[in-house]
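A.B. asks: What follows is work.cif; its format and atoms are mmCIF, N, CA and C atoms and all ligand atoms.
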data_data
#
loop_
_atom_site.label_atom_id
_atom_site.label_comp_id
_atom_site.auth_asym_id
_atom_site.auth_seq_id
_atom_site.Cartn_x
_atom_site.Cartn_y
_atom_site.Cartn_z
N MET Z 1 69.06 123.83 145.92
CA MET Z 1 69.68 122.85 145.02
C MET Z 1 70.28 121.72 145.85
N SER Z 2 70.06 120.51 145.42
CA SER Z 2 70.56 119.36 146.18
C SER Z 2 72.06 119.18 145.95
N THR Z 3 72.67 118.49 146.87
CA THR Z 3 74.10 118.25 146.78
C THR Z 3 74.38 117.11 145.80
N MET Z 4 75.29 117.33 144.92
CA MET Z 4 75.64 116.30 143.96
C MET Z 4 76.72 115.39 144.54
N PRO Z 5 76.68 114.10 144.22
CA PRO Z 5 77.66 113.17 144.78
C PRO Z 5 79.05 113.36 144.18
N HIS Z 6 80.04 113.10 145.01
CA HIS Z 6 81.42 113.05 144.51
C HIS Z 6 81.74 111.59 144.18
N LEU Z 7 82.13 111.34 142.95
CA LEU Z 7 82.38 109.97 142.51
C LEU Z 7 83.88 109.67 142.49
N ASP Z 8 84.19 108.45 142.83
CA ASP Z 8 85.57 107.96 142.69
C ASP Z 8 85.43 106.47 142.36
N LEU Z 9 85.20 106.20 141.07
CA LEU Z 9 84.79 104.87 140.64
C LEU Z 9 85.56 104.41 139.41
N LYS Z 10 85.68 103.10 139.30
CA LYS Z 10 86.18 102.51 138.07
C LYS Z 10 85.05 101.69 137.46
N ALA Z 11 85.05 101.61 136.14
CA ALA Z 11 84.01 100.84 135.46
C ALA Z 11 84.61 100.26 134.18
N SER Z 12 83.87 99.34 133.58
CA SER Z 12 84.30 98.84 132.28
C SER Z 12 83.08 98.55 131.44
N CYS Z 13 83.31 98.41 130.14
CA CYS Z 13 82.23 98.02 129.24
C CYS Z 13 81.88 96.56 129.53
N ASP Z 14 80.88 96.05 128.85
CA ASP Z 14 80.39 94.70 129.13
C ASP Z 14 81.45 93.64 128.86
N CYS Z 15 82.31 93.84 127.85
CA CYS Z 15 83.31 92.81 127.52
C CYS Z 15 84.64 93.05 128.22
N GLY Z 16 84.83 94.24 128.78
CA GLY Z 16 86.06 94.53 129.52
C GLY Z 16 87.17 95.14 128.68
N ALA Z 17 86.95 95.33 127.37
CA ALA Z 17 88.01 95.88 126.50
C ALA Z 17 88.31 97.34 126.82
N VAL Z 18 87.31 98.06 127.31
CA VAL Z 18 87.51 99.47 127.65
C VAL Z 18 87.24 99.66 129.14
N THR Z 19 88.17 100.31 129.82
CA THR Z 19 87.94 100.63 131.22
C THR Z 19 87.92 102.15 131.37
N LEU Z 20 87.32 102.58 132.45
CA LEU Z 20 87.08 104.00 132.65
C LEU Z 20 87.19 104.32 134.13
N SER Z 21 87.72 105.49 134.44
CA SER Z 21 87.65 105.96 135.82
C SER Z 21 86.90 107.28 135.84
N ALA Z 22 86.11 107.45 136.88
CA ALA Z 22 85.33 108.67 137.06
C ALA Z 22 85.65 109.22 138.43
N ILE Z 23 86.37 110.32 138.45
CA ILE Z 23 86.74 110.94 139.72
C ILE Z 23 86.37 112.41 139.66
N GLY Z 24 85.28 112.77 140.34
CA GLY Z 24 84.84 114.16 140.31
C GLY Z 24 83.42 114.27 140.82
N THR Z 25 82.97 115.50 140.93
CA THR Z 25 81.62 115.76 141.44
C THR Z 25 80.64 115.87 140.27
N ALA Z 26 79.53 115.16 140.41
CA ALA Z 26 78.51 115.18 139.35
C ALA Z 26 77.97 116.59 139.14
N ILE Z 27 77.67 116.91 137.88
CA ILE Z 27 77.08 118.21 137.55
C ILE Z 27 75.55 118.10 137.58
N SER Z 28 75.05 116.98 137.08
CA SER Z 28 73.61 116.72 137.13
C SER Z 28 73.36 115.23 136.97
N MET Z 29 72.14 114.82 137.30
CA MET Z 29 71.74 113.42 137.15
C MET Z 29 70.28 113.43 136.73
N PHE Z 30 69.96 112.76 135.63
CA PHE Z 30 68.56 112.75 135.22
C PHE Z 30 68.21 111.53 134.37
N GLN Z 31 66.92 111.40 134.11
CA GLN Z 31 66.40 110.37 133.23
C GLN Z 31 66.05 111.05 131.91
N CYS Z 32 66.27 110.36 130.81
CA CYS Z 32 65.91 110.92 129.51
C CYS Z 32 65.12 109.88 128.73
N ALA Z 33 63.91 110.28 128.31
CA ALA Z 33 63.02 109.35 127.60
C ALA Z 33 62.94 109.70 126.11
N CYS Z 34 63.96 110.36 125.57
CA CYS Z 34 63.93 110.68 124.13
C CYS Z 34 63.98 109.38 123.33
N LEU Z 35 63.59 109.46 122.07
CA LEU Z 35 63.52 108.25 121.24
C LEU Z 35 64.90 107.63 121.05
N ASN Z 36 65.93 108.46 120.98
CA ASN Z 36 67.28 107.92 120.81
C ASN Z 36 67.72 107.13 122.04
N CYS Z 37 67.42 107.67 123.23
CA CYS Z 37 67.78 106.95 124.46
C CYS Z 37 67.01 105.64 124.56
N GLN Z 38 65.77 105.63 124.09
CA GLN Z 38 65.01 104.38 124.13
C GLN Z 38 65.68 103.32 123.26
N LYS Z 39 66.14 103.74 122.08
CA LYS Z 39 66.80 102.77 121.20
C LYS Z 39 68.12 102.28 121.78
N VAL Z 40 68.93 103.22 122.24
CA VAL Z 40 70.27 102.86 122.70
C VAL Z 40 70.22 102.04 123.99
N SER Z 41 69.28 102.42 124.89
CA SER Z 41 69.21 101.71 126.18
C SER Z 41 68.44 100.40 126.05
N GLY Z 42 67.60 100.31 125.01
CA GLY Z 42 66.75 99.13 124.89
C GLY Z 42 65.63 99.15 125.91
N SER Z 43 65.39 100.31 126.51
CA SER Z 43 64.36 100.42 127.54
C SER Z 43 63.59 101.73 127.34
N GLY Z 44 62.81 102.13 128.35
CA GLY Z 44 61.96 103.30 128.19
C GLY Z 44 62.69 104.63 128.40
N HIS Z 45 63.84 104.59 129.02
CA HIS Z 45 64.60 105.82 129.24
C HIS Z 45 66.05 105.47 129.55
N SER Z 46 66.91 106.45 129.46
CA SER Z 46 68.27 106.26 129.94
C SER Z 46 68.42 107.03 131.25
N SER Z 47 69.32 106.55 132.09
CA SER Z 47 69.65 107.20 133.36
C SER Z 47 71.09 107.66 133.24
N VAL Z 48 71.30 108.97 133.36
CA VAL Z 48 72.63 109.50 133.08
C VAL Z 48 73.14 110.42 134.17
N VAL Z 49 74.47 110.50 134.23
CA VAL Z 49 75.14 111.45 135.13
C VAL Z 49 76.07 112.30 134.26
N LEU Z 50 76.09 113.59 134.54
CA LEU Z 50 76.96 114.51 133.82
C LEU Z 50 78.20 114.78 134.68
N LEU Z 51 79.36 114.63 134.06
CA LEU Z 51 80.62 114.87 134.77
C LEU Z 51 81.50 115.81 133.95
N PRO Z 52 82.36 116.59 134.64
CA PRO Z 52 83.31 117.42 133.89
C PRO Z 52 84.22 116.52 133.06
N ASN Z 53 84.67 117.01 131.89
CA ASN Z 53 85.54 116.22 131.02
C ASN Z 53 86.72 115.61 131.76
N ASP Z 54 87.37 116.43 132.59
CA ASP Z 54 88.61 115.95 133.21
C ASP Z 54 88.36 114.96 134.35
N ALA Z 55 87.10 114.71 134.66
CA ALA Z 55 86.76 113.72 135.69
C ALA Z 55 86.74 112.30 135.12
N VAL Z 56 86.75 112.21 133.80
CA VAL Z 56 86.57 110.91 133.14
C VAL Z 56 87.81 110.54 132.33
N ARG Z 57 88.39 109.39 132.65
CA ARG Z 57 89.56 108.90 131.91
C ARG Z 57 89.24 107.53 131.35
N LEU Z 58 89.55 107.33 130.07
CA LEU Z 58 89.28 106.05 129.44
C LEU Z 58 90.58 105.36 129.04
N VAL Z 59 90.60 104.03 129.14
CA VAL Z 59 91.71 103.24 128.65
C VAL Z 59 91.14 102.20 127.69
N GLY Z 60 91.63 102.21 126.45
CA GLY Z 60 91.12 101.29 125.44
C GLY Z 60 90.52 102.06 124.29
N ALA Z 61 90.46 101.41 123.14
CA ALA Z 61 89.95 102.07 121.93
C ALA Z 61 88.43 102.13 121.94
N THR Z 62 87.89 103.26 121.51
CA THR Z 62 86.44 103.40 121.39
C THR Z 62 86.09 103.80 119.96
N LYS Z 63 84.85 103.62 119.62
CA LYS Z 63 84.31 104.14 118.37
C LYS Z 63 83.25 105.16 118.72
N SER Z 64 82.88 105.99 117.77
CA SER Z 64 81.83 106.96 118.07
C SER Z 64 80.90 107.11 116.88
N THR Z 65 79.71 107.58 117.19
CA THR Z 65 78.73 107.88 116.16
C THR Z 65 78.10 109.22 116.51
N ALA Z 66 77.95 110.09 115.50
CA ALA Z 66 77.42 111.43 115.74
C ALA Z 66 76.10 111.59 114.99
N ARG Z 67 75.19 112.32 115.64
CA ARG Z 67 73.90 112.60 115.01
C ARG Z 67 73.47 114.01 115.39
N PRO Z 68 72.63 114.63 114.57
CA PRO Z 68 72.10 115.93 114.97
C PRO Z 68 71.09 115.75 116.09
N ALA Z 69 71.15 116.61 117.11
CA ALA Z 69 70.19 116.59 118.21
C ALA Z 69 69.06 117.56 117.90
N ASP Z 70 67.94 117.43 118.62
CA ASP Z 70 66.80 118.34 118.47
C ASP Z 70 67.21 119.80 118.62
N SER Z 71 68.20 120.04 119.47
CA SER Z 71 68.63 121.41 119.79
C SER Z 71 69.41 122.04 118.65
N GLY Z 72 69.81 121.22 117.65
CA GLY Z 72 70.66 121.72 116.59
C GLY Z 72 72.12 121.39 116.84
N ALA Z 73 72.42 120.93 118.03
CA ALA Z 73 73.79 120.53 118.37
C ALA Z 73 74.10 119.18 117.72
N THR Z 74 75.37 118.81 117.75
CA THR Z 74 75.77 117.47 117.33
C THR Z 74 75.97 116.64 118.58
N PHE Z 75 75.30 115.49 118.62
CA PHE Z 75 75.38 114.61 119.77
C PHE Z 75 76.22 113.40 119.38
N THR Z 76 77.32 113.19 120.10
CA THR Z 76 78.25 112.11 119.76
C THR Z 76 78.29 111.09 120.88
N ARG Z 77 78.08 109.85 120.50
CA ARG Z 77 78.07 108.75 121.48
C ARG Z 77 79.30 107.89 121.26
N HIS Z 78 80.04 107.63 122.34
CA HIS Z 78 81.27 106.83 122.26
C HIS Z 78 80.99 105.46 122.88
N PHE Z 79 81.40 104.42 122.17
CA PHE Z 79 81.06 103.07 122.63
C PHE Z 79 82.22 102.10 122.38
N CYS Z 80 82.17 100.96 123.04
CA CYS Z 80 83.17 99.91 122.84
C CYS Z 80 82.94 99.27 121.48
N PRO Z 81 83.96 99.23 120.62
CA PRO Z 81 83.77 98.64 119.29
C PRO Z 81 83.58 97.12 119.33
N GLU Z 82 83.93 96.50 120.46
CA GLU Z 82 83.79 95.05 120.58
C GLU Z 82 82.39 94.65 121.03
N CYS Z 83 81.88 95.31 122.07
CA CYS Z 83 80.61 94.86 122.65
C CYS Z 83 79.49 95.89 122.54
N GLY Z 84 79.81 97.10 122.11
CA GLY Z 84 78.76 98.10 121.87
C GLY Z 84 78.30 98.89 123.07
N THR Z 85 78.84 98.59 124.26
CA THR Z 85 78.43 99.33 125.46
C THR Z 85 78.75 100.82 125.30
N THR Z 86 77.76 101.67 125.58
CA THR Z 86 78.02 103.11 125.56
C THR Z 86 78.88 103.49 126.76
N LEU Z 87 79.95 104.25 126.50
CA LEU Z 87 80.84 104.70 127.58
C LEU Z 87 80.54 106.13 127.99
N TYR Z 88 80.30 106.98 127.00
CA TYR Z 88 79.86 108.34 127.29
C TYR Z 88 79.36 108.98 126.02
N ALA Z 89 78.71 110.11 126.20
CA ALA Z 89 78.25 110.89 125.06
C ALA Z 89 78.59 112.35 125.34
N GLN Z 90 78.53 113.14 124.28
CA GLN Z 90 78.88 114.55 124.42
C GLN Z 90 78.07 115.36 123.41
N SER Z 91 77.70 116.56 123.83
CA SER Z 91 76.97 117.46 122.93
C SER Z 91 77.90 118.60 122.54
N SER Z 92 77.82 119.01 121.26
CA SER Z 92 78.66 120.12 120.80
C SER Z 92 78.27 121.43 121.49
N ARG Z 93 77.08 121.48 122.06
CA ARG Z 93 76.63 122.69 122.77
C ARG Z 93 77.19 122.75 124.18
N ALA Z 94 77.67 121.63 124.68
CA ALA Z 94 78.18 121.58 126.06
C ALA Z 94 79.45 120.74 126.10
N PRO Z 95 80.51 121.22 125.42
CA PRO Z 95 81.73 120.41 125.29
C PRO Z 95 82.52 120.26 126.58
N ALA Z 96 82.10 120.95 127.65
CA ALA Z 96 82.85 120.89 128.90
C ALA Z 96 82.52 119.68 129.75
N PHE Z 97 81.45 118.97 129.41
CA PHE Z 97 81.14 117.80 130.21
C PHE Z 97 80.78 116.58 129.38
N ARG Z 98 80.87 115.45 130.04
CA ARG Z 98 80.54 114.17 129.42
C ARG Z 98 79.29 113.61 130.09
N ILE Z 99 78.50 112.93 129.29
CA ILE Z 99 77.24 112.33 129.75
C ILE Z 99 77.47 110.82 129.84
N LEU Z 100 77.39 110.27 131.06
CA LEU Z 100 77.67 108.85 131.24
C LEU Z 100 76.42 108.08 131.64
N PRO Z 101 76.22 106.90 131.05
CA PRO Z 101 75.10 106.07 131.49
C PRO Z 101 75.40 105.50 132.87
N VAL Z 102 74.46 105.67 133.78
CA VAL Z 102 74.67 105.24 135.16
C VAL Z 102 74.85 103.72 135.25
N GLY Z 103 74.24 102.99 134.32
CA GLY Z 103 74.36 101.54 134.30
C GLY Z 103 75.77 101.05 134.07
N LEU Z 104 76.61 101.93 133.56
CA LEU Z 104 78.03 101.59 133.39
C LEU Z 104 78.66 101.23 134.74
N PHE Z 105 78.11 101.84 135.80
CA PHE Z 105 78.62 101.60 137.15
C PHE Z 105 77.77 100.55 137.88
N ALA Z 106 77.32 99.57 137.15
CA ALA Z 106 76.46 98.53 137.72
C ALA Z 106 77.09 97.93 138.97
N GLY Z 107 76.28 97.80 140.01
CA GLY Z 107 76.76 97.24 141.26
C GLY Z 107 77.37 98.29 142.19
N GLN Z 108 77.56 99.49 141.67
CA GLN Z 108 78.15 100.56 142.49
C GLN Z 108 77.54 101.91 142.10
N ASN Z 109 76.21 101.91 141.91
CA ASN Z 109 75.56 103.17 141.53
C ASN Z 109 74.40 103.56 142.45
N ASP Z 110 74.52 103.19 143.71
CA ASP Z 110 73.52 103.58 144.72
C ASP Z 110 73.41 105.09 144.90
N TRP Z 111 74.45 105.81 144.53
CA TRP Z 111 74.48 107.27 144.69
C TRP Z 111 73.55 107.97 143.72
N PHE Z 112 73.08 107.26 142.70
CA PHE Z 112 72.29 107.92 141.66
C PHE Z 112 70.95 108.40 142.21
N ALA Z 113 70.68 109.70 142.05
CA ALA Z 113 69.42 110.30 142.50
C ALA Z 113 68.97 111.28 141.43
N PRO Z 114 68.22 110.80 140.43
CA PRO Z 114 67.84 111.67 139.32
C PRO Z 114 67.00 112.85 139.82
N ASN Z 115 67.21 114.03 139.22
CA ASN Z 115 66.46 115.21 139.65
C ASN Z 115 65.36 115.61 138.67
N GLN Z 116 65.26 114.93 137.52
CA GLN Z 116 64.22 115.26 136.56
C GLN Z 116 64.14 114.20 135.46
N LEU Z 117 63.02 114.22 134.77
CA LEU Z 117 62.84 113.40 133.57
C LEU Z 117 62.75 114.37 132.40
N ILE Z 118 63.66 114.20 131.44
CA ILE Z 118 63.57 115.06 130.25
C ILE Z 118 63.03 114.25 129.06
N PHE Z 119 62.57 114.96 128.06
CA PHE Z 119 61.86 114.37 126.92
C PHE Z 119 60.68 113.52 127.38
N ALA Z 120 59.96 114.08 128.35
CA ALA Z 120 58.76 113.42 128.86
C ALA Z 120 57.71 113.28 127.76
N ARG Z 121 57.82 114.08 126.70
CA ARG Z 121 56.84 114.02 125.60
C ARG Z 121 56.85 112.66 124.90
N SER Z 122 57.98 111.94 124.98
CA SER Z 122 58.02 110.61 124.37
C SER Z 122 58.13 109.50 125.41
N HIS Z 123 57.88 109.85 126.67
CA HIS Z 123 57.94 108.85 127.74
C HIS Z 123 56.73 107.91 127.64
N CYS Z 124 56.97 106.63 127.83
CA CYS Z 124 55.90 105.63 127.74
C CYS Z 124 55.32 105.33 129.12
N ALA Z 125 53.99 105.17 129.18
CA ALA Z 125 53.32 104.93 130.46
C ALA Z 125 53.82 103.65 131.14
N TRP Z 126 54.23 102.67 130.34
CA TRP Z 126 54.67 101.39 130.93
C TRP Z 126 56.04 101.49 131.59
N ASP Z 127 56.75 102.56 131.28
CA ASP Z 127 58.08 102.74 131.85
C ASP Z 127 57.95 103.53 133.15
N LEU Z 128 57.95 102.84 134.27
CA LEU Z 128 57.67 103.47 135.56
C LEU Z 128 58.81 104.39 135.99
N VAL Z 129 58.45 105.64 136.18
CA VAL Z 129 59.38 106.65 136.66
C VAL Z 129 58.70 107.34 137.83
N ASP Z 130 59.47 107.66 138.87
CA ASP Z 130 58.94 108.31 140.06
C ASP Z 130 58.05 109.51 139.71
N ASP Z 131 56.79 109.45 140.15
CA ASP Z 131 55.83 110.53 139.88
C ASP Z 131 56.29 111.87 140.46
N ALA Z 132 57.10 111.81 141.49
CA ALA Z 132 57.54 113.04 142.16
C ALA Z 132 58.62 113.78 141.36
N LEU Z 133 59.16 113.11 140.36
CA LEU Z 133 60.24 113.71 139.58
C LEU Z 133 59.70 114.80 138.65
N PRO Z 134 60.28 116.00 138.67
CA PRO Z 134 59.85 117.03 137.72
C PRO Z 134 60.02 116.52 136.28
N ARG Z 135 59.04 116.82 135.44
CA ARG Z 135 59.07 116.35 134.05
C ARG Z 135 59.12 117.53 133.10
N HIS Z 136 59.95 117.41 132.09
CA HIS Z 136 60.05 118.46 131.07
C HIS Z 136 59.82 117.84 129.71
N ASP Z 137 59.03 118.52 128.88
CA ASP Z 137 58.70 118.01 127.55
C ASP Z 137 59.94 117.62 126.74
N ALA Z 138 60.94 118.51 126.79
CA ALA Z 138 62.15 118.25 126.02
C ALA Z 138 63.37 118.48 126.92
N TYR Z 139 64.22 119.41 126.55
CA TYR Z 139 65.47 119.60 127.31
C TYR Z 139 65.24 120.20 128.69
N ARG Z 140 66.29 120.13 129.51
CA ARG Z 140 66.28 120.77 130.81
C ARG Z 140 66.11 122.28 130.62
N PRO Z 141 65.10 122.90 131.24
CA PRO Z 141 64.95 124.35 131.10
C PRO Z 141 66.05 125.10 131.83
N ASP Z 142 66.53 124.52 132.93
CA ASP Z 142 67.58 125.15 133.72
C ASP Z 142 68.81 124.25 133.65
N LYS Z 143 69.82 124.70 132.90
CA LYS Z 143 70.99 123.85 132.66
C LYS Z 143 71.90 123.73 133.89
N SER Z 144 71.54 124.44 134.97
CA SER Z 144 72.40 124.38 136.15
C SER Z 144 71.98 123.26 137.10
N THR Z 145 70.89 122.55 136.77
CA THR Z 145 70.46 121.47 137.66
C THR Z 145 70.46 120.14 136.92
ZN ZN Z 201 83.40 96.09 125.36
ZN ZN Z 202 67.72 110.94 125.54
#
As structure tokens - that is how I would like this structure written.

C.D. replies:
Amino acid sequence: MSTMPHLDLKASCDCGAVTLSAIGTAISMFQCACLNCQKVSGSGHSSVVLLPNDAVRLVGATKSTARPADSGATFTRHFCPECGTTLYAQSSRAPAFRILPVGLFAGQNDWFAPNQLIFARSHCAWDLVDDALPRHDAYRPDKST
């Protein structure tokens, strides 16, 4: 298993109304090409890092939207009510961690090293993703990576 990076970063949404600090060791890092990520990211996949809940602190009001996930869990996405930037998401099946878009740390996300592509079943050929990356049709088969 590869070593996960220890983060000590501050970030903000696009308009600056919400700021966030991330201090902790990543649990996992991956690309997700599910249809929801395509819509929310406006691209072919989202790039995310999983962090323990207590590693993430937010300042500022957020809004959230919840939807049922393929797994049967409830997937809740928290975003800035002013500019719409996603700050984090959470699954009811894994309430111990938060899922953060790596782009939130724009300009300071060189540490990102995705270990897999999930929801490869809806991945588009035009969206270039490293061929060497393990691909899974849907969810991560091994939740420890
Ligand atoms: Zn904002
Ligand atoms: Zn997704």

A.B. asks: Please extract the residues at most 5 Å from ligand ZN 202 (chain Z), counting only N, CA and C atoms and all ligand atoms, and provide them as a PyMOL selection string, using the chain letters and residue numbers of this document.

C.D. replies: chain Z and resi 32-34+37

A.B. asks: Would you give me, as a tab-separated table, each residue of chain Z having an atom within 8 Å of an atom of ligand ZN 201 (chain Z), along with its shortest atom pair and that distance in Å to one decimal, using only N, CA and C atoms and all ligand atoms and sorting by chain and residue number?

C.D. replies:
residue	atom	partner	partner_atom	distance
Z:Ser12	C	Z:ZN201	ZN	6.6
Z:Cys13	C	Z:ZN201	ZN	4.5
Z:Asp14	N	Z:ZN201	ZN	4.3
Z:Cys15	N	Z:ZN201	ZN	3.5
Z:Gly16	N	Z:ZN201	ZN	4.1
Z:Ala17	N	Z:ZN201	ZN	4.1
Z:Val18	N	Z:ZN201	ZN	4.8
Z:Thr19	N	Z:ZN201	ZN	7.8
Z:Phe79	C	Z:ZN201	ZN	6.8
Z:Cys80	CA	Z:ZN201	ZN	4.6
Z:Pro81	N	Z:ZN201	ZN	5.7
Z:Glu82	C	Z:ZN201	ZN	4.7
Z:Cys83	N	Z:ZN201	ZN	3.7
Z:Gly84	N	Z:ZN201	ZN	4.9
Z:Thr85	N	Z:ZN201	ZN	5.3
Z:Thr86	N	Z:ZN201	ZN	7.9

A.B. asks: Would you work out the distance separating atom C of Thr65 (chain Z) from atom N of Leu87 (chain Z), expressed in Å to one decimal?

C.D. replies: 11.3 Å

A.B. asks: Of the residues Z:Gly24, Z:Gly44, Z:Gly107, Z:Pro5, which is the one nearest to Leu128 (chain Z), using all atoms listed in the file?

C.D. replies: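 For Leu128 (chain Z), the nearest of the given residues is Z:Gly44.
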
A.B. asks: Might you pull out every residue within 8 Å of Arg140 (chain Z), with all atoms listed in the file counted and same-chain residues fewer than 6 positions away left off, and present them as a list in words?

C.D. replies: Leu117, Ile118 and Phe119 of chain Z
